[in-house]
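Undergrad: Before we start, here is the structure in question, set down as structure tokens.
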Amino acid sequence: MASLENIKAGILPSHVAVIMDGNGRWAKQRGLDRVFGHQAGVEALRKVVEAASEAGIGHLTLYAFSTENWGRPDDEVAALMGLMVQSLNNETETLLRNNISLRVIGDIDRLDEGLRHKLVETIRLTSVSSGLKLIIALSYSSRWEITEAARLIARDASAGKINAGSLTPADFEKYLSTDGIPDPELLIRTSGEQRISNFLLWQLAYTELFFTSKLWPDFGKEDFYDAISDFQKRERRFGKTSEQISDK
Ligand code: IPE
Ligand code: IPE
Ligand code: MG
């Protein structure tokens with residue numbers, strides 16, 4: 001098991017993204033309602049935010065609710081939204097104390113007024129923090145985000161603000177909800193599923209992927225450090241040869 005000291009001795013990923021999966025199965029294994037799994041999931045989330053902050057990681061993006069998750073049973077969706085409001089109420093102080101700022105990516109117009117208001121307030125309050133940048137993907141999907149970017153580009157092109165014919169990848173990125181955020185260097189997905197589930201499709205182009213069979217509520221600080229330790233052993237080539245990388 002890797003410790004904080006172990007991983008701090010190596011180069012840290014500047015941005016870690018996490019698909020927090022397996023809450024429902026965790027509850028089912030215990031004969032409980034799925035909602036208990038989501039409650040336990042909030043605890044795991046707190047631990048991982050703390051671990052990332054202690055390690056000195058710059059950005060942490062957590063996939064909390066996808067566009068597709070709107071299709072879950074109404075009572076589960078309502079319970080998840082309630083948990084978000086509760087977490088924001090309970091954790092804003094801790095975020096400020098630990099110098100963590102909050103940002104949200106996703107179609108927040110679909111959230112109810114109360115939650116949206118609470119999010120905007122927490123984002124404003126924590127904007128003074130200069131430590132870990134915590135990004136929550138909420139009502140988010142990559143296809144929504146990319147379509148939204150295309151729509152905004154078309155709007156600006158027809159208003160004469162940009163020249164669509166000379167659009168570059170760097171220009172395109174400015175229209176994504178992650179504008180200004182470096183691409184994730186490491187993606188962790190829990191629960192044994194090995195798929196991306198409509199998460200950061202553009203931004204994950206060269207991200208290192210780490211899959212673990214642990215269910216999200218069982219995932220702790222050591223597991224997070226293990227994933228980083230695994231990342232630190234990899235050679236990232238970005239299309240070049242191994243020799244080119246080691247000659248640098
Ligand atoms: C992840 O756990 C949380 C959300 C998607 C909101 P799941 O609820 O997907 O748990 P499983 O995959 O059913 O076990
Ligand atoms: C992905 O998990 C979304 C989040 C973790 C918020 P899902 O449980 O919704 O993904 P699929 O349906 O198994 O691909
Ligand atoms: Mg799932």
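So you can find residues: chains in the structure tokens are A, B, ... in the order shown, residues in each start at 1, and ligands are numbered from 1 in order.
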Residues of chain A that approach ligand 1 to 8 Å or less, counting only C-alpha atoms and all ligand atoms: could you list each one with the shortest pair of atoms and its distance in Å to one decimal, rows by chain and increasing residue number, as CSV?
TA:
```
residue,atom,partner,partner_atom_place_in_ligand_line,distance
A:Ile19,CA,ligand 1,1 (C),7.8
A:Met20,CA,ligand 1,1 (C),5.4
A:Asp21,CA,ligand 1,1 (C),3.7
A:Gly22,CA,ligand 1,14 (O),3.3
A:Asn23,CA,ligand 1,10 (O),3.9
A:Gly24,CA,ligand 1,14 (O),3.6
A:Arg25,CA,ligand 1,14 (O),3.6
A:Trp26,CA,ligand 1,14 (O),6.3
A:Ala27,CA,ligand 1,14 (O),8.0
A:Arg34,CA,ligand 1,8 (O),7.0
A:Gly37,CA,ligand 1,8 (O),7.5
A:His38,CA,ligand 1,3 (C),6.5
A:Gly41,CA,ligand 1,3 (C),7.7
A:Tyr63,CA,ligand 1,5 (C),8.0
A:Ala64,CA,ligand 1,6 (C),5.5
A:Phe65,CA,ligand 1,6 (C),4.9
A:Ser66,CA,ligand 1,5 (C),7.0
A:Asn69,CA,ligand 1,5 (C),6.4
A:Leu80,CA,ligand 1,6 (C),7.0
A:Ser191,CA,ligand 1,12 (O),7.0
A:Leu215,CA,ligand 1,14 (O),7.4
A:Trp216,CA,ligand 1,2 (O),7.2
```
Undergrad: Do you know which residues are at most 9 Å from Leu83 of chain A counting only C-alpha atoms, after dropping those on the same chain fewer than 4 positions away, and could you put them as a VMD selection string?
TA: chain A and resid 38 to 39 42 78 to 79 87 to 88
Undergrad: One decimal, in Å: what's the spacing between atom CA of Phe231 of chain A and atom CA of Ala51 of chain A?
TA: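 These two atoms are separated by 15.9 Å.
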Undergrad: I'd like the neighbourhood of Arg143 of chain A as a PyMOL selection string, where a residue qualifies if any of its atoms comes within 9 Å (using only C-alpha atoms), though same-chain residues fewer than 2 positions away should be ignored.
TA: chain A and resi 140-141+145-148+198-201
Undergrad: Do a neighbour search on Tyr206 of chain A at 10 Å with only C-alpha atoms, toss out local chain neighbours closer than 4 positions, and write the hits as a ChimeraX atom specification.
TA: /A:183-186,202,236-239
Undergrad: Go ahead and save the residues from that selection, with C-alpha atoms, as a PDB file, in the first residue's frame.
TA:
```pdb
ATOM      1  CA  ASP A 183      -6.679  17.827 -18.777  1.00  0.00           C
ATOM      2  CA  PRO A 184      -6.806  15.034 -16.185  1.00  0.00           C
ATOM      3  CA  GLU A 185      -3.553  13.082 -16.015  1.00  0.00           C
ATOM      4  CA  LEU A 186      -5.175  10.225 -14.133  1.00  0.00           C
ATOM      5  CA  TRP A 202     -12.403  15.316 -25.058  1.00  0.00           C
ATOM      6  CA  ARG A 236       3.511   8.582 -20.959  1.00  0.00           C
ATOM      7  CA  ARG A 237       4.567   8.880 -24.572  1.00  0.00           C
ATOM      8  CA  PHE A 238       1.939  11.129 -26.182  1.00  0.00           C
ATOM      9  CA  GLY A 239       2.513   9.456 -29.537  1.00  0.00           C
TER      10      GLY A 239
END
```
Undergrad: Of the residues A:Ser158, A:Thr207, A:Thr190, A:Thr241, which is the one nearest to ligand 3, using only C-alpha atoms and all ligand atoms?
TA: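 Smallest distance to ligand 3 is found for A:Thr190.
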Undergrad: Would you work out the distance separating atom 1 (C, counted along the ligand's line) of ligand 2 from atom CA of Ser142 of chain A, expressed in Å to one decimal?
TA: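 That distance, rounded to one decimal, is 11.7 Å.
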Undergrad: Mind checking which residues fall within 12 Å of Arg103 of chain A, counting only C-alpha atoms, ignoring those fewer than 4 positions away in the same chain, and posting them as a compact mmCIF listing (two decimals) with C-alpha atoms, in the first residue's frame?
TA:
```txt
# COMPACT_ATOMS: atom_id res chain seq x y z
CA HIS A 59 -7.37 19.68 -9.49
CA LEU A 60 -9.78 16.91 -8.53
CA THR A 61 -12.88 16.28 -10.65
CA LEU A 62 -15.57 13.98 -9.26
CA LEU A 95 -13.73 23.50 2.23
CA ILE A 108 -27.11 23.01 -13.82
CA LEU A 119 -24.07 25.70 -5.40
CA VAL A 120 -23.68 29.26 -6.63
CA GLU A 121 -23.27 30.44 -3.03
CA THR A 122 -20.63 27.78 -2.18
CA ILE A 123 -18.73 28.50 -5.40
CA ARG A 124 -18.71 32.22 -4.55
CA LEU A 125 -17.68 31.68 -0.90
CA THR A 126 -14.84 29.29 -1.75
CA SER A 127 -13.52 31.34 -4.68
CA SER A 129 -9.30 29.51 -1.71
CA LEU A 132 -7.12 22.23 -4.24
CA LYS A 133 -9.60 23.03 -6.99
CA LEU A 134 -12.51 20.65 -6.51
CA ILE A 135 -14.70 20.24 -9.59
CA ILE A 136 -18.00 18.38 -9.30
CA ALA A 137 -19.56 17.03 -12.52
CA LEU A 138 -23.26 17.32 -11.87
CA SER A 177 -17.08 23.77 -19.36
CA THR A 178 -13.54 22.83 -18.31
CA ASP A 179 -12.05 25.98 -19.85
CA GLY A 180 -8.88 26.88 -17.93
CA ILE A 181 -8.60 23.46 -16.25
```
Undergrad: DSSP on the backbone, alpha helix (DSSP H) only: what residues of segment 19-118 of chain A does that give? Format it as a ChimeraX atom specification.
TA: /A:23-29,34-55,74-97,113-118
Undergrad: Can you tell me which residues surround Glu235 of chain A at a distance of at most 10 Å, considering only C-alpha atoms, apart from same-chain residues fewer than 3 positions away, and format the answer as a PyMOL selection string?
TA: chain A and resi 208+231-232+238+242+245-246
Undergrad: Just write the chosen residues, N, CA, C and O atoms, as an mmCIF file, in the first residue's frame.
TA:
```
data_model
loop_
_atom_site.group_PDB
_atom_site.id
_atom_site.type_symbol
_atom_site.label_atom_id
_atom_site.label_comp_id
_atom_site.auth_asym_id
_atom_site.auth_seq_id
_atom_site.Cartn_x
_atom_site.Cartn_y
_atom_site.Cartn_z
ATOM 1 N N GLU A 208 -4.152 8.733 -18.217
ATOM 2 C CA GLU A 208 -3.887 7.360 -17.767
ATOM 3 C C GLU A 208 -5.123 6.847 -17.029
ATOM 4 O O GLU A 208 -5.672 7.549 -16.172
ATOM 5 N N PHE A 231 0.175 5.299 -11.262
ATOM 6 C CA PHE A 231 0.356 6.339 -12.294
ATOM 7 C C PHE A 231 1.835 6.728 -12.406
ATOM 8 O O PHE A 231 2.377 6.901 -13.498
ATOM 9 N N GLN A 232 2.487 6.842 -11.237
ATOM 10 C CA GLN A 232 3.884 7.300 -11.226
ATOM 11 C C GLN A 232 4.837 6.304 -11.873
ATOM 12 O O GLN A 232 5.956 6.658 -12.228
ATOM 13 N N PHE A 238 2.643 10.136 -25.358
ATOM 14 C CA PHE A 238 1.939 11.129 -26.182
ATOM 15 C C PHE A 238 2.248 10.969 -27.672
ATOM 16 O O PHE A 238 2.485 11.941 -28.391
ATOM 17 N N SER A 242 9.570 5.704 -27.003
ATOM 18 C CA SER A 242 10.116 5.617 -25.657
ATOM 19 C C SER A 242 11.478 6.318 -25.586
ATOM 20 O O SER A 242 11.782 7.010 -24.615
ATOM 21 N N ILE A 245 11.256 9.988 -25.251
ATOM 22 C CA ILE A 245 10.835 10.408 -23.913
ATOM 23 C C ILE A 245 12.021 10.345 -22.946
ATOM 24 O O ILE A 245 12.248 11.273 -22.198
ATOM 25 N N SER A 246 12.783 9.249 -22.994
ATOM 26 C CA SER A 246 13.877 9.120 -22.009
ATOM 27 C C SER A 246 15.077 10.005 -22.348
ATOM 28 O O SER A 246 15.873 10.315 -21.472
#
```
Undergrad: Using only C-alpha atoms and all ligand atoms for the distances, tell me which of A:Thr94, A:Asn6, A:Asn163, A:Ser197 is nearest to ligand 3.
TA: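 With only C-alpha atoms and all ligand atoms as the atom set, the closest residue is A:Ser197.
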Undergrad: Pull the strand (DSSP E or B) assignments for segment 37-151 of chain A out of DSSP run on the backbone, and list those residues as a ChimeraX atom specification.
TA: /A:59-66,101-105,133-140
Undergrad: Taking only C-alpha atoms and all ligand atoms into account, name the residue in A:Asp109, A:Glu193, A:Asp156, A:Asp218 that is nearest to ligand 3.
TA: A:Glu193
